[in-house]
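Visitor: This is protein16.csv (CSV, C-alpha atoms).
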```csv
chain,number,residue,atom,x,y,z
A,24,MET,CA,0.0,0.0,0.0
A,25,GLY,CA,2.8,2.4,0.8
A,26,LYS,CA,4.1,2.2,-2.8
A,27,LEU,CA,0.9,3.2,-4.5
A,28,ASP,CA,2.0,6.9,-4.6
A,29,LEU,CA,5.1,5.8,-6.6
A,30,MET,CA,2.9,4.8,-9.6
A,31,GLY,CA,2.2,7.2,-12.3
A,32,GLN,CA,-1.3,8.7,-12.7
A,33,ASP,CA,-2.9,7.8,-16.1
A,34,CYS,CA,-5.6,10.4,-16.0
A,35,ASP,CA,-7.2,13.0,-13.8
A,36,PHE,CA,-9.4,11.9,-11.0
A,37,LYS,CA,-12.9,10.8,-12.3
A,38,SER,CA,-11.9,11.8,-15.9
A,39,GLY,CA,-11.4,8.3,-17.2
A,40,PHE,CA,-11.6,4.5,-16.5
A,41,VAL,CA,-8.5,2.5,-15.6
A,42,TYR,CA,-9.1,-0.9,-14.1
A,43,ASN,CA,-6.6,-1.7,-11.4
A,44,ASN,CA,-6.7,-4.6,-9.0
A,45,LEU,CA,-4.7,-2.7,-6.5
A,46,MET,CA,-7.6,-0.4,-5.9
A,47,TYR,CA,-9.6,-3.4,-4.6
A,48,VAL,CA,-6.8,-4.0,-2.2
A,49,ALA,CA,-6.8,-0.3,-1.2
A,50,GLY,CA,-10.6,-0.4,-0.7
A,51,SER,CA,-10.4,-3.6,1.4
A,52,HIS,CA,-7.6,-2.1,3.5
A,53,ILE,CA,-9.9,0.8,4.4
A,54,ILE,CA,-12.7,-1.6,5.4
A,55,GLU,CA,-10.3,-3.5,7.6
A,56,GLU,CA,-9.3,-0.4,9.4
A,57,ILE,CA,-12.9,0.7,10.0
A,58,SER,CA,-14.2,-2.8,11.0
A,59,ASN,CA,-11.1,-4.0,12.9
A,60,SER,CA,-11.5,-7.3,11.0
A,61,THR,CA,-9.5,-8.8,8.2
A,62,TRP,CA,-10.8,-9.0,4.7
A,63,ARG,CA,-10.9,-12.8,4.9
A,64,GLU,CA,-13.0,-12.7,8.1
A,65,LEU,CA,-15.4,-10.2,6.5
A,66,ILE,CA,-15.9,-12.1,3.2
A,67,GLU,CA,-16.5,-15.3,5.1
A,68,SER,CA,-19.0,-13.9,7.7
A,69,ILE,CA,-20.9,-11.5,5.4
A,70,VAL,CA,-21.1,-13.5,2.2
A,71,PHE,CA,-20.1,-17.2,2.5
A,72,ALA,CA,-21.8,-18.0,5.8
A,73,PRO,CA,-25.2,-16.4,5.2
A,74,LEU,CA,-25.5,-17.9,1.7
A,75,GLU,CA,-24.2,-21.3,2.9
A,76,MET,CA,-21.3,-21.2,0.4
A,77,THR,CA,-19.6,-24.1,2.2
A,78,GLY,CA,-17.3,-24.8,-0.8
A,79,SER,CA,-15.9,-21.3,-1.0
A,80,VAL,CA,-12.6,-20.1,0.5
A,81,SER,CA,-10.7,-16.8,0.4
A,82,CYS,CA,-7.1,-17.9,-0.2
A,83,PHE,CA,-5.3,-20.3,-2.5
A,84,ARG,CA,-3.6,-22.3,0.3
A,85,GLU,CA,-6.9,-23.2,1.8
A,86,ALA,CA,-8.4,-24.0,-1.6
A,87,LYS,CA,-5.6,-26.5,-2.4
A,88,GLU,CA,-5.9,-28.1,1.0
A,89,THR,CA,-9.6,-28.7,0.6
A,90,GLY,CA,-9.3,-29.9,-3.0
A,91,ASN,CA,-11.3,-27.0,-4.4
A,92,TRP,CA,-8.6,-26.3,-7.1
A,93,LEU,CA,-7.7,-27.2,-10.7
A,94,LYS,CA,-4.3,-27.5,-12.2
A,95,GLY,CA,-3.7,-24.8,-14.8
A,96,TYR,CA,-2.4,-25.1,-18.4
A,97,GLN,CA,-1.0,-22.6,-20.8
A,98,PRO,CA,-1.2,-22.9,-24.7
A,99,HIS,CA,2.2,-23.6,-26.2
A,100,GLU,CA,3.2,-24.7,-29.7
A,101,GLY,CA,-0.2,-26.1,-30.6
A,102,SER,CA,-0.6,-27.9,-27.3
A,103,PHE,CA,-0.8,-27.1,-23.6
A,104,VAL,CA,1.9,-27.2,-20.9
A,105,PRO,CA,1.1,-27.5,-17.2
A,106,LEU,CA,1.7,-24.5,-14.9
A,107,GLN,CA,3.4,-25.1,-11.6
A,108,ASP,CA,0.9,-26.2,-9.0
A,109,ASP,CA,1.3,-23.2,-6.6
A,110,CYS,CA,1.6,-20.4,-9.1
A,111,ASP,CA,-1.7,-19.1,-7.8
A,112,ALA,CA,-0.3,-18.7,-4.3
A,113,ILE,CA,1.1,-15.3,-5.0
A,114,ILE,CA,-2.4,-13.9,-5.5
A,115,ASP,CA,-3.0,-14.3,-1.8
A,116,LEU,CA,-0.7,-11.2,-1.4
A,117,VAL,CA,-3.5,-9.1,-3.0
A,118,GLY,CA,-6.4,-11.3,-1.8
A,119,PRO,CA,-9.3,-8.9,-2.4
A,120,ALA,CA,-8.3,-8.7,-6.1
A,121,GLY,CA,-8.8,-12.4,-6.9
A,122,SER,CA,-8.1,-15.0,-4.2
A,123,VAL,CA,-11.6,-16.2,-3.7
A,124,HIS,CA,-12.0,-19.9,-4.9
A,125,SER,CA,-15.5,-21.2,-5.2
A,126,THR,CA,-17.6,-23.9,-6.8
A,127,ALA,CA,-20.4,-23.9,-9.4
A,128,ARG,CA,-22.9,-24.8,-6.7
A,129,ASP,CA,-21.8,-21.9,-4.5
A,130,MET,CA,-21.8,-19.4,-7.3
A,131,ASN,CA,-25.4,-20.5,-8.1
A,132,LYS,CA,-26.3,-19.5,-4.6
A,133,TYR,CA,-24.6,-16.2,-5.0
A,134,MET,CA,-26.2,-15.4,-8.4
A,135,ASN,CA,-29.7,-16.3,-7.1
A,136,HIS,CA,-29.2,-14.0,-4.2
A,137,ILE,CA,-28.5,-11.0,-6.4
A,138,ILE,CA,-31.2,-11.8,-9.0
A,139,LYS,CA,-34.0,-12.6,-6.5
A,140,ASN,CA,-33.1,-9.5,-4.4
A,141,ASN,CA,-32.8,-7.1,-7.2
A,142,ALA,CA,-35.4,-4.7,-5.8
A,143,THR,CA,-33.5,-4.0,-2.6
A,144,ALA,CA,-31.4,-0.8,-2.2
A,145,TYR,CA,-28.3,-3.0,-1.8
A,146,THR,CA,-28.5,-4.9,-5.1
A,147,ASP,CA,-30.1,-2.0,-7.0
A,148,LEU,CA,-26.7,-0.2,-6.7
A,149,PHE,CA,-25.2,-2.9,-9.0
A,150,TRP,CA,-27.5,-1.7,-11.9
A,151,GLN,CA,-26.6,2.0,-11.6
A,152,PRO,CA,-23.7,3.1,-14.0
A,153,VAL,CA,-20.9,4.9,-12.3
A,154,ILE,CA,-18.4,5.5,-15.2
A,155,ASN,CA,-18.2,4.6,-18.8
A,156,THR,CA,-15.3,2.2,-19.5
A,157,GLY,CA,-15.0,2.9,-23.2
A,158,GLY,CA,-15.3,-0.8,-23.9
A,159,HIS,CA,-12.2,-1.6,-21.9
A,160,MET,CA,-13.9,-4.5,-20.0
A,161,SER,CA,-14.7,-6.6,-23.0
A,162,THR,CA,-13.3,-10.1,-22.9
A,163,THR,CA,-13.3,-10.6,-26.7
A,164,GLU,CA,-14.3,-8.7,-29.8
A,165,GLU,CA,-17.4,-6.7,-29.1
A,166,LEU,CA,-20.6,-7.3,-31.1
A,167,LYS,CA,-21.5,-3.6,-31.4
A,168,THR,CA,-22.1,-3.5,-35.1
A,169,PRO,CA,-22.8,-5.7,-38.1
A,170,PRO,CA,-22.0,-8.2,-39.5
A,171,PHE,CA,-22.6,-10.1,-36.3
A,172,PRO,CA,-26.2,-11.4,-36.0
A,173,THR,CA,-26.7,-10.0,-32.5
A,174,THR,CA,-25.3,-7.3,-30.3
A,175,ALA,CA,-23.3,-7.1,-27.1
A,176,ARG,CA,-21.7,-4.2,-25.3
A,177,TYR,CA,-20.0,-3.7,-21.9
A,178,ASP,CA,-19.6,0.0,-21.5
A,179,ASP,CA,-20.5,1.0,-17.9
A,180,TYR,CA,-18.8,0.2,-14.6
A,181,THR,CA,-21.0,0.0,-11.5
A,182,ILE,CA,-20.2,-1.2,-8.0
A,183,SER,CA,-17.7,-3.9,-8.9
A,184,TRP,CA,-19.7,-5.0,-11.9
A,185,VAL,CA,-19.7,-4.2,-15.6
A,186,LEU,CA,-23.2,-3.0,-16.8
A,187,GLY,CA,-24.1,-3.7,-20.4
A,188,GLU,CA,-26.4,-5.7,-22.6
A,189,TYR,CA,-26.6,-8.8,-24.7
A,190,ALA,CA,-29.3,-9.4,-27.4
A,191,ASN,CA,-31.1,-6.2,-26.2
A,192,SER,CA,-31.2,-7.5,-22.6
A,193,GLU,CA,-29.6,-5.6,-19.8
A,194,ILE,CA,-26.9,-7.6,-18.0
A,195,LEU,CA,-24.3,-7.5,-15.3
A,196,MET,CA,-21.0,-9.2,-16.0
A,197,HIS,CA,-17.5,-9.6,-14.6
A,198,GLY,CA,-14.5,-11.8,-15.1
A,199,GLY,CA,-12.1,-13.2,-12.6
A,200,ASP,CA,-8.6,-14.5,-13.3
A,201,THR,CA,-6.0,-16.5,-11.5
A,202,PHE,CA,-3.0,-17.8,-13.3
A,203,THR,CA,-4.6,-21.2,-13.6
A,204,THR,CA,-8.3,-20.4,-14.2
A,205,HIS,CA,-10.5,-17.8,-16.0
A,206,THR,CA,-14.1,-17.3,-14.9
A,207,LEU,CA,-17.0,-15.2,-16.2
A,208,ILE,CA,-20.4,-14.4,-14.5
A,209,PHE,CA,-23.4,-12.9,-16.3
A,210,LEU,CA,-26.6,-11.8,-14.6
A,211,SER,CA,-30.0,-10.7,-16.1
A,212,ARG,CA,-32.7,-9.4,-13.9
A,213,GLN,CA,-34.9,-8.9,-16.9
A,214,GLU,CA,-34.7,-12.5,-17.9
A,215,GLU,CA,-33.9,-13.7,-14.4
A,216,TYR,CA,-31.0,-15.9,-15.2
A,217,GLY,CA,-27.3,-16.2,-14.2
A,218,VAL,CA,-24.5,-17.8,-16.1
A,219,PHE,CA,-21.3,-19.0,-14.6
A,220,VAL,CA,-18.5,-20.3,-16.9
A,221,SER,CA,-15.0,-21.3,-15.7
A,222,SER,CA,-12.1,-23.1,-17.2
A,223,ASN,CA,-8.4,-23.7,-16.7
A,224,GLY,CA,-6.9,-23.3,-20.2
A,225,GLY,CA,-4.8,-20.2,-19.6
A,226,GLY,CA,-5.2,-17.0,-21.6
A,227,ILE,CA,-7.2,-18.8,-24.5
A,228,ALA,CA,-10.0,-19.6,-22.0
A,229,ARG,CA,-10.9,-15.9,-21.7
A,230,SER,CA,-12.4,-15.5,-25.2
A,231,LYS,CA,-13.8,-19.0,-25.3
A,232,ASN,CA,-15.7,-18.6,-22.0
A,233,GLN,CA,-17.3,-15.4,-23.5
A,234,LEU,CA,-18.5,-17.3,-26.5
A,235,ILE,CA,-19.8,-20.2,-24.5
A,236,SER,CA,-21.7,-17.8,-22.2
A,237,TRP,CA,-23.4,-16.1,-25.3
A,238,TYR,CA,-24.5,-19.5,-26.5
A,239,ILE,CA,-26.0,-20.4,-23.1
A,240,GLN,CA,-27.7,-17.0,-22.8
A,241,ASP,CA,-29.4,-17.5,-26.1
A,242,LEU,CA,-30.8,-20.8,-24.8
A,243,LEU,CA,-32.0,-19.2,-21.6
A,244,MET,CA,-33.7,-16.3,-23.4
A,245,GLY,CA,-35.4,-18.7,-25.9
A,246,ASN,CA,-33.4,-17.4,-28.9
A,247,ASP,CA,-31.9,-19.6,-31.6
A,248,PRO,CA,-28.2,-19.6,-30.8
A,249,TRP,CA,-26.2,-17.9,-33.5
A,250,LEU,CA,-23.1,-19.8,-32.4
A,251,ASN,CA,-22.5,-23.5,-32.8
A,252,ALA,CA,-19.7,-26.0,-32.3
A,253,SER,CA,-18.0,-24.8,-35.5
A,254,THR,CA,-18.3,-21.1,-35.2
A,255,ILE,CA,-17.3,-21.0,-31.6
A,256,CYS,CA,-13.9,-22.3,-32.8
A,257,SER,CA,-13.7,-20.1,-35.8
A,258,PHE,CA,-15.0,-16.8,-34.3
A,259,PRO,CA,-15.0,-14.0,-35.4
A,260,GLU,CA,-15.1,-15.8,-38.8
A,261,PRO,CA,-17.2,-16.3,-40.9
A,262,TRP,CA,-18.7,-12.9,-40.0
A,263,LYS,CA,-15.4,-11.0,-39.8
A,264,LYS,CA,-11.8,-11.9,-40.7
A,265,ALA,CA,-9.8,-12.8,-37.7
A,266,GLN,CA,-6.9,-10.5,-36.8
A,267,SER,CA,-3.7,-12.3,-35.7
A,268,SER,CA,-1.4,-10.8,-33.1
A,269,PRO,CA,2.1,-9.7,-34.1
A,270,ASN,CA,3.7,-12.7,-32.5
A,271,GLU,CA,1.0,-15.3,-33.1
A,272,ASP,CA,2.9,-17.2,-35.8
A,273,ILE,CA,6.3,-17.0,-34.1
A,274,SER,CA,7.5,-20.5,-33.1
A,275,TRP,CA,10.4,-21.6,-30.9
A,276,SER,CA,12.3,-22.5,-34.1
A,277,GLN,CA,12.7,-18.8,-34.7
A,278,TYR,CA,14.5,-18.2,-31.4
A,279,GLN,CA,18.2,-18.8,-30.9
A,280,GLU,CA,19.2,-21.3,-28.2
A,281,THR,CA,22.6,-19.6,-27.6
A,282,SER,CA,23.6,-16.0,-26.8
A,283,SER,CA,25.7,-13.8,-29.0
A,284,VAL,CA,28.5,-11.8,-27.4
A,285,GLU,CA,26.5,-8.6,-28.1
A,286,LEU,CA,23.9,-9.7,-25.5
A,287,LYS,CA,26.3,-9.2,-22.7
A,288,ARG,CA,25.2,-5.6,-22.6
A,289,TYR,CA,21.9,-6.7,-21.1
A,290,ALA,CA,23.6,-8.6,-18.2
A,291,GLY,CA,23.3,-6.9,-14.9
A,292,ASN,CA,21.2,-6.2,-11.8
A,293,TYR,CA,18.3,-3.8,-12.0
A,294,SER,CA,15.8,-2.4,-9.5
A,295,SER,CA,12.5,-0.5,-9.3
A,296,GLU,CA,11.0,1.1,-6.2
A,297,ILE,CA,7.7,-0.4,-7.2
A,298,PHE,CA,8.4,-3.7,-8.8
A,299,GLY,CA,11.6,-4.8,-7.0
A,300,ASN,CA,14.8,-6.3,-8.3
A,301,VAL,CA,15.5,-8.1,-11.6
A,302,SER,CA,18.7,-9.8,-12.7
A,303,ILE,CA,19.7,-10.7,-16.2
A,304,LEU,CA,22.5,-13.2,-16.6
A,305,PHE,CA,24.6,-13.9,-19.7
A,306,GLN,CA,24.5,-17.6,-20.5
A,307,GLU,CA,26.5,-18.3,-23.7
A,308,ASP,CA,25.1,-21.8,-24.2
A,309,GLU,CA,21.5,-21.2,-23.2
A,310,GLY,CA,20.5,-17.6,-23.7
A,311,LEU,CA,19.9,-14.8,-21.3
A,312,GLY,CA,18.7,-15.8,-17.8
A,313,PHE,CA,15.9,-13.7,-16.3
A,314,ILE,CA,15.4,-13.8,-12.6
A,315,TYR,CA,12.5,-12.0,-10.8
A,316,ASN,CA,11.4,-13.4,-7.4
A,317,ARG,CA,10.3,-16.9,-8.1
A,318,ILE,CA,10.3,-16.5,-11.9
A,319,ASN,CA,13.5,-18.0,-13.3
A,320,CYS,CA,13.4,-18.2,-17.1
A,321,THR,CA,15.5,-18.2,-20.2
A,322,LEU,CA,15.3,-15.4,-22.7
A,323,ARG,CA,15.9,-16.6,-26.3
A,324,GLN,CA,16.6,-14.0,-28.9
A,325,HIS,CA,14.6,-13.9,-32.1
A,326,GLU,CA,16.7,-14.6,-35.2
A,327,SER,CA,15.6,-11.4,-37.1
A,328,ASN,CA,14.7,-9.0,-34.2
A,329,ASP,CA,17.5,-8.5,-31.8
A,330,LYS,CA,15.2,-6.8,-29.2
A,331,LEU,CA,12.6,-9.5,-29.2
A,332,PHE,CA,12.9,-12.5,-26.9
A,333,ARG,CA,10.8,-15.4,-25.8
A,334,CYS,CA,10.6,-16.0,-22.1
A,335,HIS,CA,10.0,-19.6,-21.2
A,336,ALA,CA,10.0,-20.3,-17.4
A,337,ASN,CA,11.7,-23.4,-16.3
A,338,ALA,CA,8.8,-24.5,-14.0
A,339,PRO,CA,7.1,-23.7,-16.4
A,340,TYR,CA,5.2,-20.7,-15.1
A,341,VAL,CA,4.6,-18.9,-18.4
A,342,VAL,CA,5.5,-18.6,-22.0
A,343,SER,CA,5.7,-15.0,-23.2
A,344,ASP,CA,7.2,-12.8,-25.9
A,345,ILE,CA,8.9,-9.6,-24.6
A,346,SER,CA,11.2,-6.9,-25.9
A,347,ILE,CA,14.0,-5.6,-23.8
A,348,SER,CA,16.3,-2.7,-24.4
A,349,ILE,CA,18.9,-0.8,-22.4
A,350,ALA,CA,19.9,2.9,-22.6
A,351,ASP,CA,21.5,5.2,-20.0
A,352,ARG,CA,21.7,2.4,-17.5
A,353,ILE,CA,17.9,1.9,-17.7
A,354,LEU,CA,16.4,-1.5,-18.7
A,355,THR,CA,13.0,-1.4,-20.4
A,356,VAL,CA,10.9,-4.5,-20.5
A,357,GLU,CA,7.8,-4.6,-22.7
A,358,PHE,CA,5.4,-7.5,-22.5
A,359,HIS,CA,3.6,-8.2,-25.9
A,360,ASP,CA,1.3,-11.1,-25.1
A,361,GLY,CA,2.5,-12.4,-21.8
A,362,TYR,CA,-0.8,-12.0,-19.9
A,363,LEU,CA,0.2,-14.4,-17.2
A,364,ILE,CA,3.7,-13.1,-16.7
A,365,SER,CA,2.8,-9.5,-16.7
A,366,ASN,CA,0.1,-10.1,-14.1
A,367,MET,CA,2.4,-12.3,-12.0
A,368,LEU,CA,4.9,-9.4,-11.9
A,369,GLU,CA,2.0,-7.0,-11.1
A,370,MET,CA,3.4,-4.9,-14.0
A,371,GLU,CA,2.2,-2.6,-16.7
A,372,THR,CA,2.8,-3.5,-20.3
A,373,GLU,CA,6.1,-1.5,-20.3
A,374,VAL,CA,8.3,-1.3,-17.2
A,375,ARG,CA,11.6,0.4,-16.6
A,376,PHE,CA,14.3,-0.7,-14.1
A,377,ASN,CA,17.3,1.3,-13.0
A,378,SER,CA,20.8,-0.3,-13.1
A,379,ALA,CA,21.8,-1.5,-9.6
A,380,ASN,CA,25.1,-3.3,-10.0
A,381,SER,CA,26.2,-3.1,-6.4
A,382,ALA,CA,27.4,-5.2,-3.5
A,383,ALA,CA,23.9,-4.9,-1.9
A,384,MET,CA,22.3,-6.1,-5.1
A,385,ARG,CA,24.7,-9.1,-5.3
A,386,LEU,CA,23.8,-9.9,-1.7
A,387,TRP,CA,20.1,-9.8,-2.5
A,388,LEU,CA,20.7,-12.2,-5.4
A,389,CYS,CA,22.5,-14.7,-3.2
A,390,LEU,CA,19.7,-14.5,-0.6
A,391,ALA,CA,17.1,-15.0,-3.4
A,392,ALA,CA,19.0,-18.0,-4.7
A,393,VAL,CA,19.1,-19.6,-1.2
A,394,ALA,CA,15.4,-18.9,-0.6
A,395,ARG,CA,14.5,-20.5,-3.9
A,396,LEU,CA,16.7,-23.6,-3.1
A,397,LEU,CA,15.0,-23.9,0.3
A,398,TRP,CA,11.6,-23.6,-1.4
A,399,VAL,CA,12.4,-26.4,-3.9
A,400,VAL,CA,13.7,-28.6,-1.1
A,401,GLU,CA,10.5,-28.0,0.9
```
Would you mind writing the structure in this file as C-alpha cells?
Guide:
Amino acid sequence: MGKLDLMGQDCDFKSGFVYNNLMYVAGSHIIEEISNSTWRELIESIVFAPLEMTGSVSCFREAKETGNWLKGYQPHEGSFVPLQDDCDAIIDLVGPAGSVHSTARDMNKYMNHIIKNNATAYTDLFWQPVINTGGHMSTTEELKTPPFPTTARYDDYTISWVLGEYANSEILMHGGDTFTTHTLIFLSRQEEYGVFVSSNGGGIARSKNQLISWYIQDLLMGNDPWLNASTICSFPEPWKKAQSSPNEDISWSQYQETSSVELKRYAGNYSSEIFGNVSILFQEDEGLGFIYNRINCTLRQHESNDKLFRCHANAPYVVSDISISIADRILTVEFHDGYLISNMLEMETEVRFNSANSAAMRLWLCLAAVARLLWVVE
C-alpha cells in the first residue's frame, strides 16, 4: 500500500476509466481499518456463511488443502503445458483482487441472491452506472455493429460489476482470473438468469468462455443460438476476418538457443522502487537468464529482431514474448502477449528498471537463490 504513490497517474481523478486490481486491495484495507476485522473474516462472515457457500474459501492455500482447485495449463506450440501447482499462491498477497476460490454450486447460490433480491437498495446499486469504460472491460471482440447477427456491449462500470447488454437484454457481468483459471459471470434481472463459466486453459480460456456464455444466454432467453460447435472455434469468422497478433505465428524454431556476445550488454542487476529487483544473466550456451522473485526463465533472442525475446519459465510458469532494451543504465521490459507473466509481476505493459550493480544487489541475489533452493527442497 505504501508504494501506490510511486505509480504514475494515467488520467485526472474521475476523468477516465482505468481498471486496477490494487484499488480493490486499497478499498479492502480501508474496510479492515474501519471494522477491525481482516478482509478474509469479513468475506466469510458477510457472504459465505449467510449464503451457505460451504465450498468457497478466500485464499489459495486453503483451496488447495480442501481440493477446491484445478491444475492450470497454458497454450504452447499447438498444445498445452502445465503450470506449476502453486503459481496461484502469489495472488494471496493481493487477496481482495482475486483470491476467492469457489464452486459452481456456491456461485449458483450467489447469483440467485443477487437476482432474487434485485429490488433491494443494496443490489439495486449494481445496476446504476458509475463511469463509462470505453469498452475496456470486453473479454473478446465486441458485437456492437454488423456483420454479427446479435449485439453485445460492456460500457459502464458500476459497483464492482460491468453493466451492459446482450441481445437487447440488460446484464451485469464480470470476469475473474487467476494464473490457472478464468471465470465469467453474467446476470440478467430482466430474464432472471445467471450464467457462470470457468475453465483452466490459460489465456485462451478468456475468449472461449465469453463465446460459451453467449450460447448459453441465447438458450435461456429462448433465442436460436447464433453460435455452434463450428463457429465457436472459428469466431469471429465467418462474419469477420480474424486478426492475428504480431507474435501469433512465431514459433520456438525462430529463437536462438545460444547467446551472442552482443547480448552481454543486457547482463546486470536492475531495480525498481515499485516492482523490486531483476537480474539478467549472460549464459552463452543457453540464452539470457531472467530472474525476478520466483520466476527464473531463459530469454531466447529472435533470429531477425535483436530486441525480441521469448521467455520460457523453467517451471514452467509462463511462455511470453517480450522486448528488452537498455539505454543510459535503464532496462526497459515490454510485454507483448504475456498475460500471465505481466500479471504475476504486477506490471504494466512496459516497465523500466534502473541499473543496480552493487554489492547490496549481489547480496540480494545470493539470498534470493538460497530462498529459492529452500523452497524447492521443501
Visitor: Mind listing as a PDB file with C-alpha atoms, in the coordinates of the input all residues within 8 Å of (-24.9, -18.5, -11.9), counting all atoms listed in the file?
Guide:
```pdb
ATOM      1  CA  ALA A 127     -20.400 -23.900  -9.400  1.00  0.00           C
ATOM      2  CA  MET A 130     -21.800 -19.400  -7.300  1.00  0.00           C
ATOM      3  CA  ASN A 131     -25.400 -20.500  -8.100  1.00  0.00           C
ATOM      4  CA  LYS A 132     -26.300 -19.500  -4.600  1.00  0.00           C
ATOM      5  CA  TYR A 133     -24.600 -16.200  -5.000  1.00  0.00           C
ATOM      6  CA  MET A 134     -26.200 -15.400  -8.400  1.00  0.00           C
ATOM      7  CA  ASN A 135     -29.700 -16.300  -7.100  1.00  0.00           C
ATOM      8  CA  ILE A 208     -20.400 -14.400 -14.500  1.00  0.00           C
ATOM      9  CA  PHE A 209     -23.400 -12.900 -16.300  1.00  0.00           C
ATOM     10  CA  LEU A 210     -26.600 -11.800 -14.600  1.00  0.00           C
ATOM     11  CA  TYR A 216     -31.000 -15.900 -15.200  1.00  0.00           C
ATOM     12  CA  GLY A 217     -27.300 -16.200 -14.200  1.00  0.00           C
ATOM     13  CA  VAL A 218     -24.500 -17.800 -16.100  1.00  0.00           C
ATOM     14  CA  PHE A 219     -21.300 -19.000 -14.600  1.00  0.00           C
TER      15      PHE A 219
END
```
Visitor: Kindly indicate which residue among A:Asp129, A:Asp179, A:Glu307, A:Glu260 lies nearest to Phe71 (chain A), using all atoms listed in the file for the distances.
Guide: A:Asp129
Visitor: Just to confirm, what's the straight-line distance from CA of Val117 (chain A) to CA of Pro105 (chain A) in Å (one decimal)?
Guide: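 Between these atoms lies a distance of 23.7 Å.
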Visitor: With all atoms listed in the file as the atoms that count, which of A:Leu207, A:Asn223, A:Gly199, A:Arg128 lies nearest to Ile235 (chain A)?
Guide: A:Leu207
Visitor: Can you tell me which residues surround Glu215 (chain A) at a distance of at most 12 Å, considering only C-alpha atoms, apart from same-chain residues fewer than 3 positions away, and format the answer as a list in words?
Guide: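 Listed by chain and then number, they are Met134, Asn135, His136, Ile137, Ile138, Lys139, Asn140, Asn141, Ser192, Glu193, Ile194, Leu195, Phe209, Leu210, Ser211, Arg212, Val218, Gln240, Leu243 and Met244 of chain A.
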Visitor: How far is it from CA of Glu296 (chain A) to CA of Ser183 (chain A), in Å with one decimal?
Guide: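 Pair CA of Glu296 (chain A) / CA of Ser183 (chain A) returns 29.3 Å.
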Visitor: In Å, how far is it from CA of Glu88 (chain A) to CA of Phe103 (chain A)?
Guide: 25.1 Å
Visitor: Using all atoms listed in the file, which residue out of A:His325, A:Lys264, A:Arg63, A:Arg333 lies closest to Ser122 (chain A)?
Guide: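 Of A:His325, A:Lys264, A:Arg63, A:Arg333, the one nearest Ser122 (chain A), counting all atoms listed in the file, is A:Arg63.
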Visitor: Within 10 Å of Gly118 (chain A), counting only C-alpha atoms, which residues qualify if same-chain residues fewer than 2 places away don't, as a ChimeraX atom specification?
Guide: /A:44-45,47-48,51,62-63,81-83,112-116,120-123
Visitor: Would you mind putting N, CA and C atoms back on region 84-96 of chain A and writing the result as an mmCIF file, keeping the file's coordinate frame?
Guide:
```cif
data_model
loop_
_atom_site.group_PDB
_atom_site.id
_atom_site.type_symbol
_atom_site.label_atom_id
_atom_site.label_comp_id
_atom_site.auth_asym_id
_atom_site.auth_seq_id
_atom_site.Cartn_x
_atom_site.Cartn_y
_atom_site.Cartn_z
ATOM 1 N N ARG A 84 -4.104 -21.231 -0.569
ATOM 2 C CA ARG A 84 -3.600 -22.300 0.300
ATOM 3 C C ARG A 84 -4.764 -23.185 0.792
ATOM 4 N N GLU A 85 -5.795 -22.517 1.263
ATOM 5 C CA GLU A 85 -6.900 -23.200 1.800
ATOM 6 C C GLU A 85 -7.685 -23.987 0.669
ATOM 7 N N ALA A 86 -7.745 -23.369 -0.516
ATOM 8 C CA ALA A 86 -8.400 -24.000 -1.600
ATOM 9 C C ALA A 86 -7.688 -25.316 -2.015
ATOM 10 N N LYS A 87 -6.365 -25.282 -2.025
ATOM 11 C CA LYS A 87 -5.600 -26.500 -2.400
ATOM 12 C C LYS A 87 -5.746 -27.558 -1.314
ATOM 13 N N GLU A 88 -5.754 -27.145 -0.064
ATOM 14 C CA GLU A 88 -5.900 -28.100 1.000
ATOM 15 C C GLU A 88 -7.243 -28.815 0.998
ATOM 16 N N THR A 89 -8.296 -28.083 0.589
ATOM 17 C CA THR A 89 -9.600 -28.700 0.600
ATOM 18 C C THR A 89 -9.944 -29.375 -0.756
ATOM 19 N N GLY A 90 -9.028 -29.272 -1.737
ATOM 20 C CA GLY A 90 -9.300 -29.900 -3.000
ATOM 21 C C GLY A 90 -10.080 -29.073 -3.988
ATOM 22 N N ASN A 91 -10.468 -27.849 -3.583
ATOM 23 C CA ASN A 91 -11.300 -27.000 -4.400
ATOM 24 C C ASN A 91 -10.315 -26.175 -5.339
ATOM 25 N N TRP A 92 -9.692 -26.894 -6.293
ATOM 26 C CA TRP A 92 -8.600 -26.300 -7.100
ATOM 27 C C TRP A 92 -8.370 -27.132 -8.304
ATOM 28 N N LEU A 93 -8.058 -26.482 -9.422
ATOM 29 C CA LEU A 93 -7.700 -27.200 -10.700
ATOM 30 C C LEU A 93 -6.345 -26.815 -11.122
ATOM 31 N N LYS A 94 -5.653 -27.780 -11.682
ATOM 32 C CA LYS A 94 -4.300 -27.500 -12.200
ATOM 33 C C LYS A 94 -4.471 -26.665 -13.487
ATOM 34 N N GLY A 95 -3.573 -25.704 -13.646
ATOM 35 C CA GLY A 95 -3.700 -24.800 -14.800
ATOM 36 C C GLY A 95 -2.774 -25.239 -15.939
ATOM 37 N N TYR A 96 -3.177 -24.828 -17.148
ATOM 38 C CA TYR A 96 -2.400 -25.100 -18.400
ATOM 39 C C TYR A 96 -2.330 -23.889 -19.224
#
```
